[in-house]
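Everything below belongs to run25.cif, which stores mmCIF, C-alpha atoms.
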```cif
data_coords
loop_
_atom_site.label_atom_id
_atom_site.label_comp_id
_atom_site.auth_asym_id
_atom_site.auth_seq_id
_atom_site.Cartn_x
_atom_site.Cartn_y
_atom_site.Cartn_z
CA MET A 141 21.19 -16.78 5.08
CA ALA A 142 18.31 -18.75 3.62
CA LEU A 143 14.93 -18.45 5.27
CA ASP A 144 13.42 -21.40 7.08
CA ALA A 145 11.03 -22.75 4.43
CA SER A 146 9.12 -24.73 7.04
CA TYR A 147 7.38 -21.44 7.91
CA VAL A 148 5.27 -21.66 4.72
CA GLY A 149 1.67 -22.24 5.73
CA ARG A 150 2.24 -21.11 9.29
CA GLN A 151 -0.64 -19.07 10.66
CA TYR A 152 -0.55 -16.78 13.66
CA PRO A 153 -3.31 -16.08 16.17
CA PRO A 154 -5.47 -12.97 15.61
CA THR A 155 -3.84 -9.73 16.67
CA ALA A 156 -5.25 -7.62 19.49
CA PRO A 157 -8.16 -5.49 18.21
CA TYR A 158 -7.22 -2.20 16.50
CA GLU A 159 -9.85 0.50 16.80
CA VAL A 160 -9.91 2.74 13.73
CA GLY A 161 -10.37 6.38 14.71
CA ARG A 162 -11.39 9.38 12.63
CA GLU A 163 -8.36 11.40 13.66
CA LYS A 164 -5.99 8.54 12.76
CA ILE A 165 -7.54 8.40 9.31
CA ARG A 166 -7.19 12.18 8.97
CA GLN A 167 -3.53 11.99 10.02
CA PHE A 168 -2.84 9.25 7.48
CA ALA A 169 -4.65 11.14 4.70
CA ASP A 170 -2.65 14.28 5.58
CA ALA A 171 0.59 12.28 5.45
CA ILE A 172 -0.12 10.99 1.93
CA GLY A 173 -1.27 14.46 0.87
CA ASP A 174 -4.79 13.43 -0.07
CA PRO A 175 -7.38 16.15 0.63
CA SER A 176 -10.50 14.03 -0.07
CA PRO A 177 -13.34 14.98 2.32
CA VAL A 178 -14.46 11.33 2.41
CA TYR A 179 -11.49 10.73 4.76
CA ARG A 180 -12.40 13.61 7.08
CA ASP A 181 -16.02 14.64 6.97
CA PRO A 182 -18.69 12.12 8.07
CA SER A 183 -21.33 13.88 5.98
CA ALA A 184 -19.17 13.67 2.84
CA ALA A 185 -18.61 9.99 3.59
CA ALA A 186 -22.36 9.51 4.08
CA ALA A 187 -23.03 11.17 0.73
CA ALA A 188 -20.76 8.54 -0.81
CA GLY A 189 -22.73 5.79 0.90
CA HIS A 190 -20.42 5.09 3.85
CA PRO A 191 -21.59 4.92 7.48
CA ASP A 192 -18.54 6.91 8.67
CA VAL A 193 -15.34 8.37 7.22
CA ILE A 194 -13.36 5.75 5.30
CA ALA A 195 -9.62 5.22 5.19
CA PRO A 196 -7.45 5.58 2.07
CA PRO A 197 -6.94 2.29 0.18
CA THR A 198 -3.40 1.79 1.51
CA PHE A 199 -4.28 2.51 5.15
CA ALA A 200 -4.66 -1.22 5.81
CA VAL A 201 -0.87 -1.47 5.75
CA VAL A 202 -0.81 0.13 9.19
CA LEU A 203 -2.48 -3.01 10.50
CA SER A 204 -0.96 -5.60 8.19
CA MET A 205 2.64 -4.49 8.60
CA SER A 206 2.37 -4.40 12.36
CA ALA A 207 0.76 -7.84 12.36
CA ALA A 208 3.42 -9.28 10.04
CA SER A 209 6.14 -8.27 12.49
CA GLN A 210 5.21 -11.43 14.40
CA VAL A 211 6.88 -13.46 11.67
CA VAL A 212 9.34 -10.91 10.26
CA PHE A 213 11.12 -10.54 13.59
CA ASP A 214 10.95 -14.20 14.59
CA PRO A 215 14.68 -14.99 14.96
CA ARG A 216 14.16 -18.59 13.93
CA LEU A 217 12.85 -17.49 10.53
CA GLY A 218 16.30 -16.08 9.73
CA LEU A 219 15.31 -12.81 8.03
CA ASP A 220 18.05 -10.16 8.11
CA TYR A 221 15.84 -7.08 8.39
CA SER A 222 18.71 -4.69 7.68
CA ARG A 223 18.72 -6.05 4.10
CA VAL A 224 14.98 -6.10 3.56
CA LEU A 225 13.20 -4.19 0.82
CA HIS A 226 9.47 -4.10 0.19
CA GLY A 227 9.00 -6.04 -3.05
CA GLU A 228 5.27 -6.18 -3.65
CA GLN A 229 2.04 -5.13 -1.97
CA ARG A 230 -1.56 -5.87 -2.78
CA PHE A 231 -4.87 -5.21 -1.06
CA VAL A 232 -8.12 -6.96 -1.88
CA TYR A 233 -11.10 -5.25 -0.28
CA ARG A 234 -14.51 -6.55 0.64
CA ARG A 235 -15.29 -3.02 1.76
CA PRO A 236 -13.26 0.05 2.77
CA VAL A 237 -11.83 0.31 6.28
CA ARG A 238 -13.80 2.95 8.18
CA ALA A 239 -13.80 4.84 11.46
CA GLY A 240 -15.30 2.81 14.27
CA ASP A 241 -14.05 -0.51 12.93
CA ARG A 242 -12.52 -2.85 15.49
CA LEU A 243 -10.15 -4.92 13.41
CA GLU A 244 -7.95 -7.92 13.96
CA VAL A 245 -5.46 -9.50 11.59
CA VAL A 246 -4.66 -13.15 11.02
CA VAL A 247 -1.23 -13.52 9.42
CA THR A 248 -0.30 -16.51 7.27
CA VAL A 249 3.06 -17.17 5.61
CA GLU A 250 2.09 -17.77 1.99
CA ASP A 251 5.42 -18.38 0.30
CA ILE A 252 9.17 -18.46 0.85
CA ARG A 253 11.56 -18.83 -2.06
CA VAL A 254 15.01 -17.93 -3.31
CA LYS A 255 15.48 -16.11 -6.62
CA ALA A 256 18.79 -14.83 -7.96
CA GLY A 257 20.43 -15.03 -4.57
CA ASN A 258 17.67 -13.08 -2.80
CA ASP A 259 15.18 -14.40 -0.28
CA PHE A 260 11.50 -13.68 -0.96
CA MET A 261 8.77 -14.05 1.62
CA THR A 262 5.08 -13.39 1.03
CA THR A 263 2.67 -12.99 3.91
CA ARG A 264 -1.09 -12.68 3.83
CA GLY A 265 -2.96 -10.64 6.41
CA ASP A 266 -6.68 -11.34 6.65
CA ILE A 267 -8.24 -8.26 8.21
CA ARG A 268 -11.65 -8.71 9.79
CA THR A 269 -13.81 -7.05 12.38
CA THR A 270 -13.94 -8.53 15.86
CA ASP A 271 -17.46 -9.65 14.84
CA GLY A 272 -15.90 -11.77 12.11
CA GLU A 273 -16.76 -9.62 9.06
CA HIS A 274 -14.01 -9.89 6.46
CA VAL A 275 -12.87 -6.40 5.38
CA CYS A 276 -9.62 -6.72 3.46
CA THR A 277 -6.81 -9.11 2.65
CA ALA A 278 -3.29 -7.67 2.40
CA TYR A 279 -0.50 -9.51 0.59
CA SER A 280 3.04 -8.36 1.17
CA THR A 281 6.28 -9.64 -0.34
CA LEU A 282 9.56 -8.76 1.33
CA ILE A 283 12.92 -9.24 -0.36
CA ALA A 284 16.10 -9.81 1.64
CA LEU A 285 18.95 -8.82 -0.65
CA GLY A 286 21.72 -11.37 -1.03
CA THR A 287 25.24 -10.08 -0.47
CA ALA A 288 26.22 -10.72 -4.10
CA ASP A 289 23.40 -8.60 -5.52
CA GLU A 290 23.22 -4.94 -6.35
CA GLU A 291 20.35 -2.60 -5.59
CA ALA A 292 17.27 -3.20 -7.69
CA MET B 750 -21.72 -1.59 -1.88
CA THR B 751 -20.49 1.85 -2.93
CA MET B 752 -22.89 4.25 -4.51
CA ALA B 753 -20.73 7.23 -5.23
CA ALA B 754 -18.48 6.26 -8.11
CA ARG B 755 -19.12 9.18 -10.43
CA ILE B 756 -17.92 7.26 -13.48
CA ASN B 757 -20.42 5.12 -15.33
CA TYR B 758 -19.20 1.78 -16.58
CA ASP B 759 -20.96 2.22 -19.88
CA ASP B 760 -19.11 5.49 -20.55
CA VAL B 761 -15.65 3.95 -20.13
CA GLN B 762 -13.56 2.62 -23.01
CA VAL B 763 -10.57 0.29 -22.85
CA GLY B 764 -7.48 2.39 -23.46
CA GLN B 765 -9.02 5.51 -21.98
CA GLU B 766 -6.45 7.55 -20.06
CA LEU B 767 -7.14 8.89 -16.58
CA PRO B 768 -5.94 12.42 -15.77
CA PRO B 769 -2.23 12.09 -14.87
CA GLN B 770 -0.78 13.64 -11.73
CA THR B 771 2.62 14.77 -10.51
CA PHE B 772 3.63 14.62 -6.85
CA SER B 773 6.47 16.29 -5.00
CA VAL B 774 8.13 14.10 -2.36
CA GLN B 775 10.29 15.91 0.16
CA ARG B 776 12.00 14.82 3.36
CA ILE B 777 9.19 16.34 5.44
CA ASP B 778 6.73 14.06 3.64
CA LEU B 779 8.77 11.00 4.62
CA VAL B 780 8.86 12.11 8.25
CA LYS B 781 5.09 12.61 8.22
CA TYR B 782 4.56 9.21 6.63
CA CYS B 783 6.83 7.58 9.22
CA GLY B 784 4.65 8.98 11.97
CA ALA B 785 1.29 8.24 10.36
CA SER B 786 2.14 4.70 9.23
CA GLY B 787 4.36 3.58 12.08
CA ASP B 788 7.09 2.58 9.60
CA PHE B 789 10.24 4.16 11.05
CA ASN B 790 12.72 2.16 8.94
CA VAL B 791 15.93 4.21 9.14
CA ILE B 792 16.50 4.28 5.37
CA HIS B 793 13.52 6.65 5.12
CA TRP B 794 15.02 9.38 7.28
CA ASN B 795 18.74 8.83 7.92
CA GLU B 796 21.09 9.55 5.03
CA ARG B 797 24.10 8.11 6.84
CA VAL B 798 22.44 4.72 7.27
CA ALA B 799 20.80 4.76 3.83
CA THR B 800 24.11 5.29 2.06
CA SER B 801 25.85 2.74 4.29
CA VAL B 802 23.54 0.00 2.96
CA GLY B 803 24.25 1.00 -0.65
CA LEU B 804 21.38 3.35 -1.40
CA PRO B 805 22.17 6.62 -3.20
CA ASN B 806 20.35 8.59 -0.50
CA VAL B 807 17.28 8.43 1.73
CA ILE B 808 14.43 6.72 -0.14
CA ALA B 809 10.67 7.16 0.09
CA HIS B 810 8.51 4.44 1.61
CA GLY B 811 7.21 2.24 -1.18
CA MET B 812 3.85 2.49 0.55
CA LEU B 813 3.89 6.30 0.25
CA THR B 814 4.54 5.97 -3.49
CA MET B 815 1.74 3.42 -3.70
CA ALA B 816 -0.61 5.75 -1.82
CA GLU B 817 0.18 8.72 -4.06
CA ALA B 818 -0.22 6.67 -7.24
CA ALA B 819 -3.67 5.60 -6.03
CA ARG B 820 -4.78 9.23 -6.19
CA VAL B 821 -4.92 9.07 -9.97
CA VAL B 822 -7.56 6.37 -9.61
CA THR B 823 -9.47 7.65 -6.58
CA ASP B 824 -9.62 11.27 -7.82
CA TRP B 825 -11.00 9.96 -11.13
CA VAL B 826 -13.65 7.68 -9.67
CA GLY B 827 -14.64 10.09 -6.88
CA ASP B 828 -15.18 7.55 -4.12
CA PRO B 829 -11.95 5.93 -2.83
CA GLY B 830 -14.15 3.15 -1.47
CA ALA B 831 -14.74 2.05 -5.06
CA VAL B 832 -11.22 0.57 -5.23
CA VAL B 833 -11.72 -3.15 -4.61
CA ASP B 834 -8.24 -4.45 -5.48
CA TYR B 835 -4.92 -2.61 -5.70
CA GLY B 836 -1.47 -4.10 -6.10
CA VAL B 837 2.02 -2.98 -7.12
CA ARG B 838 5.61 -4.15 -7.35
CA PHE B 839 8.29 -1.81 -6.07
CA THR B 840 10.84 -1.93 -8.87
CA ARG B 841 13.13 1.00 -8.02
CA PRO B 842 13.37 3.31 -5.04
CA VAL B 843 12.24 6.93 -5.12
CA VAL B 844 15.38 8.73 -4.00
CA VAL B 845 14.69 11.86 -1.94
CA PRO B 846 17.60 14.32 -1.74
CA ASP B 847 17.96 16.77 1.13
CA ASP B 848 17.21 19.95 -0.82
CA ASP B 849 14.26 22.26 -1.37
CA LYS B 850 12.86 20.24 -4.26
CA GLY B 851 13.01 16.61 -3.17
CA ALA B 852 11.86 14.00 -5.67
CA THR B 853 9.14 14.14 -8.29
CA LEU B 854 6.71 11.30 -8.88
CA GLU B 855 4.77 11.19 -12.13
CA VAL B 856 1.78 8.88 -12.38
CA THR B 857 -0.32 7.93 -15.39
CA ALA B 858 -3.10 5.39 -15.69
CA LYS B 859 -5.43 3.94 -18.28
CA VAL B 860 -8.35 1.59 -18.42
CA ALA B 861 -6.90 -1.79 -19.37
CA GLU B 862 -9.91 -4.09 -19.22
CA LYS B 863 -13.64 -4.02 -18.62
CA LEU B 864 -14.67 -6.73 -16.17
CA ASP B 865 -17.97 -8.16 -14.97
CA ASP B 866 -20.23 -6.43 -12.41
CA LYS B 867 -19.39 -2.93 -13.73
CA ARG B 868 -15.77 -3.21 -12.66
CA VAL B 869 -12.73 -2.10 -14.64
CA ARG B 870 -9.04 -2.82 -14.32
CA VAL B 871 -6.84 0.25 -14.41
CA ASP B 872 -3.11 -0.09 -15.11
CA LEU B 873 -0.80 2.57 -13.67
CA THR B 874 2.71 3.76 -14.40
CA ALA B 875 4.84 5.66 -11.91
CA THR B 876 8.20 7.22 -12.68
CA SER B 877 10.68 9.32 -10.76
CA GLU B 878 13.59 11.06 -12.50
CA GLY B 879 12.76 9.03 -15.60
CA ALA B 880 12.98 5.64 -13.84
CA THR B 881 9.99 3.35 -13.45
CA VAL B 882 9.40 2.92 -9.72
CA LEU B 883 6.25 0.78 -9.73
CA GLY B 884 5.76 -2.36 -11.79
CA ARG B 885 2.58 -4.27 -12.54
CA ALA B 886 0.60 -1.55 -10.78
CA ARG B 887 -3.07 -2.41 -11.13
CA ALA B 888 -6.31 -1.39 -9.53
CA VAL B 889 -9.76 -2.89 -9.93
CA VAL B 890 -12.47 -0.26 -9.52
CA GLN B 891 -16.21 -0.60 -9.01
CA LEU B 892 -17.98 1.84 -11.31
CA SER B 893 -21.63 2.87 -11.36
#
```
Produce structure tokens that represent the structure in this file.
Amino acid sequence: MALDASYVGRQYPPTAPYEVGREKIRQFADAIGDPSPVYRDPSAAAAAGHPDVIAPPTFAVVLSMSAASQVVFDPRLGLDYSRVLHGEQRFVYRRPVRAGDRLEVVVTVEDIRVKAGNDFMTTRGDIRTTDGEHVCTAYSTLIALGTADEEA
Amino acid sequence: MTMAARINYDDVQVGQELPPQTFSVQRIDLVKYCGASGDFNVIHWNERVATSVGLPNVIAHGMLTMAEAARVVTDWVGDPGAVVDYGVRFTRPVVVPDDDKGATLEVTAKVAEKLDDKRVRVDLTATSEGATVLGRARAVVQLS
């Protein structure tokens, strides 16, 4: 089923604030197998010029994916989530996410298109502190596989 | 912004290769990533469902592959906060069998372009079982 193209340009209200904790960052770093002390030890982070431990570059997906569920699971959009693959992901950082941040995400539908029988949807998540400081922008493209297509 | 990039811009040449890395991806790693990321999509932990939608087996989260590939860049530059832009396409899944070995992910990277403000663009390749799993994988890094 084709996606509702009228969703392009739609913007959602800011998400409820997400408070970034040191132990959450440690858990995420453990899960990706990255032993860097900058993710765990405030003094190592300070030596690198950061006010507290920072999060790995892909940590922002924890916020952006959750925020994008507002649109992904909107039944009127018409996305069949059982056929969805993650097509592309990009993060553009103003600065790293760090412990103590209170972050909110504003989701915008950037693009919806059909290519080779598959639906593509790109969302942008602008991640900022509750004080309005821009931290990171996350771009995510999901692909809903058409029934006639094989696995990529 | 960051002060800890241990690589000096002036010392870097276009074409220079970063130290490559190899990662082992087992089922336990997918379970841990499910919990840490909040992405509990069934195809990352349930073989019955994964095969029913046409996948050869359980597959790794693309975001886990993306995170592991980033290590080649962040371990090189020293400060992960020096990564100012990072994007990939997920071209093929990393298939993770239920055995004692799991999948293997091999990542290489090289400096592709020197940019303004002491930044460089690094292009990455990531393969698993000989198949390219990330496309157009690029990071922009702030050097000293």
Spatial neighbours of region 160-168 of chain A, max dist 6 Å, only C-alpha atoms, sep filter under 3 positions, as JSON, numbers by chain: {"A": [171, 180, 195, 239, 240, 241], "B": [785]}
Taking C-alpha atoms for each residue, export the selection above as a JSON list (two decimals), keeping the file's coordinate frame.
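For reference, again.json as written:
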```json
[["chain", "number", "residue", "atom", "x", "y", "z"],
["A", 171, "ALA", "CA", 0.59, 12.28, 5.45],
["A", 180, "ARG", "CA", -12.40, 13.61, 7.08],
["A", 195, "ALA", "CA", -9.62, 5.22, 5.19],
["A", 239, "ALA", "CA", -13.80, 4.84, 11.46],
["A", 240, "GLY", "CA", -15.30, 2.81, 14.27],
["A", 241, "ASP", "CA", -14.05, -0.51, 12.93],
["B", 785, "ALA", "CA", 1.29, 8.24, 10.36]]
```
Residue hits in chain A, query chain B, radius 8 Å, only C-alpha atoms, as JSON, numbers by chain: {"A": [164, 167, 168, 171, 172, 173, 174, 178, 187, 188, 189, 190, 194, 196, 197, 198, 199, 201, 202, 223, 226, 227, 228, 229, 230, 231, 232, 233, 234, 235, 236, 291, 292]}
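Non-sequential neighbours of Ala200 (chain A) (distance at most 9 Å, separation of 6 or more positions within a chain, all atoms listed in the file) are A:Phe231, A:Val237, A:Ile267, A:Cys276, A:Thr277, A:Ala278.
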Those selected residues, please, written with C-alpha atoms and delivered as a CSV table (one decimal), in the coordinates of the input.
```
chain,number,residue,atom,x,y,z
A,231,PHE,CA,-4.9,-5.2,-1.1
A,237,VAL,CA,-11.8,0.3,6.3
A,267,ILE,CA,-8.2,-8.3,8.2
A,276,CYS,CA,-9.6,-6.7,3.5
A,277,THR,CA,-6.8,-9.1,2.6
A,278,ALA,CA,-3.3,-7.7,2.4
```
CA of Met205 (chain A) to CA of Gln151 (chain A), distance in Å rounded to a single decimal: 15.1 Å
Counting all atoms listed in the file, which residues come within 12 Å of (13.1, -26.0, 8.0), with the point read in the file's coordinates, and could you list them as a tab-separated table (two decimals) with C-alpha atoms, keeping the file's coordinate frame?
```tsv
chain	number	residue	atom	x	y	z
A	142	ALA	CA	18.31	-18.75	3.62
A	143	LEU	CA	14.93	-18.45	5.27
A	144	ASP	CA	13.42	-21.40	7.08
A	145	ALA	CA	11.03	-22.75	4.43
A	146	SER	CA	9.12	-24.73	7.04
A	147	TYR	CA	7.38	-21.44	7.91
A	148	VAL	CA	5.27	-21.66	4.72
A	150	ARG	CA	2.24	-21.11	9.29
A	216	ARG	CA	14.16	-18.59	13.93
A	217	LEU	CA	12.85	-17.49	10.53
A	218	GLY	CA	16.30	-16.08	9.73
A	252	ILE	CA	9.17	-18.46	0.85
```
Neighbour residues at most 10 Å from (-0.8, -19.5, 5.6) (all atoms listed in the file) as a PyMOL selection string: chain A and resi 147-152+246-251+262-265
CA of Val822 (chain B) to CA of Tyr158 (chain A), distance in Å rounded to a single decimal: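 Answer for the CA of Val822 (chain B) to CA of Tyr158 (chain A) separation: 27.5 Å.
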Test item: the PyMOL selection byres ((chain A and resi 224) around 9) resolved as a ChimeraX atom specification: /A:219-223,225-227,282-285
Please rebuild region 227-238 of chain A with all heavy atoms and return the result as a CSV table (one decimal), in the coordinates of the input.
```csv
chain,number,residue,atom,x,y,z
A,227,GLY,N,9.0,-5.6,-1.6
A,227,GLY,CA,9.0,-6.0,-3.0
A,227,GLY,C,7.7,-5.9,-3.7
A,227,GLY,O,7.6,-5.3,-4.8
A,228,GLU,N,6.6,-6.3,-3.1
A,228,GLU,CA,5.3,-6.2,-3.6
A,228,GLU,C,4.3,-6.0,-2.5
A,228,GLU,O,4.5,-6.4,-1.4
A,228,GLU,CB,4.9,-7.5,-4.4
A,228,GLU,CG,5.7,-7.8,-5.6
A,228,GLU,CD,5.2,-9.1,-6.2
A,228,GLU,OE1,4.0,-9.4,-6.3
A,228,GLU,OE2,6.1,-9.9,-6.7
A,229,GLN,N,3.1,-5.3,-2.9
A,229,GLN,CA,2.0,-5.1,-2.0
A,229,GLN,C,0.7,-5.2,-2.7
A,229,GLN,O,0.6,-4.6,-3.8
A,229,GLN,CB,2.2,-3.8,-1.2
A,229,GLN,CG,1.1,-3.5,-0.2
A,229,GLN,CD,1.2,-4.5,1.0
A,229,GLN,OE1,2.3,-4.7,1.5
A,229,GLN,NE2,0.1,-5.0,1.5
A,230,ARG,N,-0.2,-5.8,-2.2
A,230,ARG,CA,-1.6,-5.9,-2.8
A,230,ARG,C,-2.6,-5.9,-1.7
A,230,ARG,O,-2.4,-6.5,-0.6
A,230,ARG,CB,-1.7,-7.1,-3.7
A,230,ARG,CG,-3.0,-7.2,-4.4
A,230,ARG,CD,-3.1,-8.5,-5.2
A,230,ARG,NE,-4.4,-8.6,-5.8
A,230,ARG,CZ,-5.0,-9.8,-6.2
A,230,ARG,NH1,-4.3,-10.9,-6.1
A,230,ARG,NH2,-6.2,-9.8,-6.8
A,231,PHE,N,-3.7,-5.2,-2.0
A,231,PHE,CA,-4.9,-5.2,-1.1
A,231,PHE,C,-6.1,-5.6,-1.9
A,231,PHE,O,-6.3,-5.1,-3.0
A,231,PHE,CB,-5.2,-3.8,-0.5
A,231,PHE,CG,-4.0,-3.2,0.3
A,231,PHE,CD1,-3.2,-2.3,-0.3
A,231,PHE,CD2,-3.8,-3.6,1.6
A,231,PHE,CE1,-2.1,-1.7,0.3
A,231,PHE,CE2,-2.7,-3.0,2.3
A,231,PHE,CZ,-1.9,-2.1,1.7
A,232,VAL,N,-6.8,-6.6,-1.3
A,232,VAL,CA,-8.1,-7.0,-1.9
A,232,VAL,C,-9.2,-6.6,-0.9
A,232,VAL,O,-9.2,-7.1,0.3
A,232,VAL,CB,-8.1,-8.5,-2.2
A,232,VAL,CG1,-9.5,-8.8,-2.9
A,232,VAL,CG2,-7.0,-8.8,-3.2
A,233,TYR,N,-10.1,-5.8,-1.2
A,233,TYR,CA,-11.1,-5.2,-0.3
A,233,TYR,C,-12.5,-5.9,-0.5
A,233,TYR,O,-13.0,-5.9,-1.6
A,233,TYR,CB,-11.3,-3.7,-0.4
A,233,TYR,CG,-10.0,-3.0,-0.4
A,233,TYR,CD1,-9.3,-2.7,-1.5
A,233,TYR,CD2,-9.4,-2.6,0.8
A,233,TYR,CE1,-8.0,-2.1,-1.5
A,233,TYR,CE2,-8.2,-1.9,0.9
A,233,TYR,CZ,-7.5,-1.7,-0.3
A,233,TYR,OH,-6.3,-1.0,-0.2
A,234,ARG,N,-13.1,-6.2,0.6
A,234,ARG,CA,-14.5,-6.6,0.6
A,234,ARG,C,-15.3,-5.2,0.8
A,234,ARG,O,-16.3,-5.0,0.2
A,234,ARG,CB,-14.8,-7.5,1.8
A,234,ARG,CG,-16.3,-8.0,1.9
A,234,ARG,CD,-16.6,-8.9,0.7
A,234,ARG,NE,-15.9,-10.1,0.7
A,234,ARG,CZ,-16.2,-11.2,1.3
A,234,ARG,NH1,-17.3,-11.2,2.0
A,234,ARG,NH2,-15.5,-12.3,1.3
A,235,ARG,N,-14.7,-4.4,1.6
A,235,ARG,CA,-15.3,-3.0,1.8
A,235,ARG,C,-14.2,-2.1,2.3
A,235,ARG,O,-13.2,-2.7,2.8
A,235,ARG,CB,-16.5,-3.0,2.7
A,235,ARG,CG,-16.2,-3.4,4.2
A,235,ARG,CD,-17.3,-2.8,5.1
A,235,ARG,NE,-17.1,-3.3,6.5
A,235,ARG,CZ,-16.4,-2.7,7.4
A,235,ARG,NH1,-15.6,-1.7,7.0
A,235,ARG,NH2,-16.4,-3.1,8.6
A,236,PRO,N,-14.3,-0.8,2.2
A,236,PRO,CA,-13.3,0.0,2.8
A,236,PRO,C,-13.2,0.0,4.3
A,236,PRO,O,-14.2,-0.3,5.0
A,236,PRO,CB,-13.6,1.5,2.3
A,236,PRO,CG,-15.0,1.4,1.7
A,236,PRO,CD,-15.4,0.0,1.6
A,237,VAL,N,-12.0,0.1,4.8
A,237,VAL,CA,-11.8,0.3,6.3
A,237,VAL,C,-12.5,1.6,6.7
A,237,VAL,O,-12.3,2.6,5.9
A,237,VAL,CB,-10.3,0.3,6.7
A,237,VAL,CG1,-10.1,0.7,8.1
A,237,VAL,CG2,-9.7,-1.1,6.4
A,238,ARG,N,-13.2,1.7,7.8
A,238,ARG,CA,-13.8,3.0,8.2
A,238,ARG,C,-13.7,3.2,9.7
A,238,ARG,O,-13.4,2.3,10.5
A,238,ARG,CB,-15.3,3.0,7.8
A,238,ARG,CG,-16.1,1.8,8.3
A,238,ARG,CD,-17.5,1.9,7.8
A,238,ARG,NE,-18.3,0.8,8.3
A,238,ARG,CZ,-18.9,-0.1,7.6
A,238,ARG,NH1,-18.9,-0.1,6.3
A,238,ARG,NH2,-19.6,-1.1,8.2
```
